[in-house]
Amino acid sequence: MKALTVLVVEDDLALRTFYELALLEHGHAVNAVGNGAEALSVVSPEIDLVVTDIKMPVMPGDKLIAELRAKPEFRDLPVLVVTAHPDDLSPELRDQKTAVLRKPFDLDDFIRWVDAAAGAARFSN
């Protein structure tokens with residue numbers, strides 16, 4: 001399995017730390033930030049996957065996804081939305097490069113989705 005560089009976008013510090021530690025334990029590099037605006041300031045072509053919440057202050061996850069999709073260099077960047085409110089993600093943002101994992105989730109499910117990004121060009125919902 002290829003090691004990924006993952007951008008974690010989560011306003012809850014405990015969850016952000018949990019994601020970061022789980023990803024590091026599985027051999028991935030992690031950059032973790034607290035909202036979509038911070039994510040846009042650090043996203044780069046070296047990022048292989050974005051893991052984001054939807055409901056966050058400053059810039060929510062759906063706005064982050066829309067901003068990423070509007071930029072040609074990030075249009076195909078896989079995004080894993082981890083949220084307790086999956087119905088809040090608009091249908092137009094649920095494309096072949098966006099997967100949704102409902103909170104609460106099993107750690108194995110989270111890692112399975114991350115690993116899928118390492119080996120597949122598309123998520124299947």
# chains A, B, ... in the order shown; residues from 1 in each chain; ligands from 1
call {"tool": "residues_around", "arguments": {"residues": "range 46-49 of chain A", "least_positions_apart": "4", "cutoff": "6 Å", "atoms": "only C-alpha atoms", "output": "list of chain:residue names"}}
result
A:Leu4, A:Thr5, A:Val6, A:Pro78, A:Val79
call {"tool": "write_last_selection", "arguments": {"atoms": "all heavy atoms", "output": "mmCIF file, in the first residue's frame"}}
result
data_model
loop_
_atom_site.group_PDB
_atom_site.id
_atom_site.type_symbol
_atom_site.label_atom_id
_atom_site.label_comp_id
_atom_site.auth_asym_id
_atom_site.auth_seq_id
_atom_site.Cartn_x
_atom_site.Cartn_y
_atom_site.Cartn_z
ATOM 1 N N LEU A 4 0.208 7.762 2.020
ATOM 2 C CA LEU A 4 -0.442 8.967 1.531
ATOM 3 C C LEU A 4 -0.020 10.184 2.335
ATOM 4 O O LEU A 4 0.403 10.062 3.480
ATOM 5 C CB LEU A 4 -1.962 8.845 1.658
ATOM 6 C CG LEU A 4 -2.654 7.708 0.939
ATOM 7 C CD1 LEU A 4 -4.141 7.715 1.270
ATOM 8 C CD2 LEU A 4 -2.435 7.810 -0.541
ATOM 9 N N THR A 5 -0.201 11.335 1.745
ATOM 10 C CA THR A 5 -0.145 12.591 2.465
ATOM 11 C C THR A 5 -1.587 13.055 2.587
ATOM 12 O O THR A 5 -2.255 13.312 1.584
ATOM 13 C CB THR A 5 0.715 13.632 1.734
ATOM 14 O OG1 THR A 5 2.037 13.112 1.599
ATOM 15 C CG2 THR A 5 0.752 14.941 2.503
ATOM 16 N N VAL A 6 -2.076 13.105 3.824
ATOM 17 C CA VAL A 6 -3.485 13.369 4.089
ATOM 18 C C VAL A 6 -3.634 14.731 4.766
ATOM 19 O O VAL A 6 -2.933 15.029 5.729
ATOM 20 C CB VAL A 6 -4.082 12.269 4.996
ATOM 21 C CG1 VAL A 6 -5.566 12.526 5.247
ATOM 22 C CG2 VAL A 6 -3.859 10.894 4.393
ATOM 23 N N PRO A 78 -9.204 13.206 -4.107
ATOM 24 C CA PRO A 78 -10.197 12.479 -3.321
ATOM 25 C C PRO A 78 -10.473 13.174 -1.989
ATOM 26 O O PRO A 78 -9.562 13.680 -1.345
ATOM 27 C CB PRO A 78 -9.549 11.112 -3.075
ATOM 28 C CG PRO A 78 -8.503 10.984 -4.133
ATOM 29 C CD PRO A 78 -8.020 12.379 -4.398
ATOM 30 N N VAL A 79 -11.758 13.184 -1.621
ATOM 31 C CA VAL A 79 -12.199 13.792 -0.374
ATOM 32 C C VAL A 79 -13.040 12.777 0.380
ATOM 33 O O VAL A 79 -13.963 12.186 -0.187
ATOM 34 C CB VAL A 79 -13.031 15.067 -0.626
ATOM 35 C CG1 VAL A 79 -13.579 15.623 0.687
ATOM 36 C CG2 VAL A 79 -12.207 16.123 -1.355
#
call {"tool": "residues_around", "arguments": {"residues": "range 61-68 of chain A", "least_positions_apart": "6", "cutoff": "10 Å", "atoms": "only C-alpha atoms", "output": "JSON, numbers by chain"}}
result
{"A": [9, 10, 35, 36, 37, 38, 39, 40, 43, 50, 51, 52, 53, 54, 55, 74, 75, 76, 77, 78, 79, 81, 82, 83, 88, 89, 90, 92, 93, 94, 98]}
call {"tool": "closest_residue", "arguments": {"among": "A:Pro91, A:Leu80, A:Val30, A:Ala22", "to": "Trp113 in chain A", "atoms": "only C-alpha atoms"}}
result
A:Leu80
call {"tool": "closest_residue", "arguments": {"among": "A:Val114, A:Val42, A:Ala99, A:Val33", "to": "Asp12 in chain A", "atoms": "only C-alpha atoms"}}
result
A:Val33
call {"tool": "closest_residue", "arguments": {"among": "A:Val8, A:Ala116, A:Ala14, A:Ala84", "to": "Pro104 in chain A", "atoms": "only C-alpha atoms"}}
result
A:Ala84
call {"tool": "select_by_dssp", "arguments": {"residues": "chain A", "states": "strand (DSSP E or B)", "output": "list of chain:residue names"}}
result
A:Thr5, A:Val6, A:Leu7, A:Val8, A:Val9, A:Ala29, A:Val30, A:Asn31, A:Ala32, A:Val33, A:Leu49, A:Val50, A:Val51, A:Thr52, A:Val79, A:Leu80, A:Val81, A:Val82, A:Thr83, A:Thr98, A:Ala99, A:Val100, A:Leu101, A:Arg102
call {"tool": "closest_residue", "arguments": {"among": "A:Pro60, A:Pro45, A:Pro86, A:Gly34", "to": "Leu15 in chain A", "atoms": "only C-alpha atoms"}}
result
A:Gly34
call {"tool": "atom_distance", "arguments": {"atom1": "CA of His85 in chain A", "atom2": "CA of Ile111 in chain A"}}
result
19.9 Å
call {"tool": "select_by_dssp", "arguments": {"residues": "chain A", "states": "helix (DSSP H, G or I)", "output": "JSON, numbers by chain"}}
result
{"A": [13, 14, 15, 16, 17, 18, 19, 20, 21, 22, 23, 24, 25, 36, 37, 38, 39, 40, 41, 42, 61, 62, 63, 64, 65, 66, 67, 68, 69, 72, 73, 74, 86, 87, 88, 91, 92, 93, 107, 108, 109, 110, 111, 112, 113, 114, 115, 116, 117, 118, 119]}
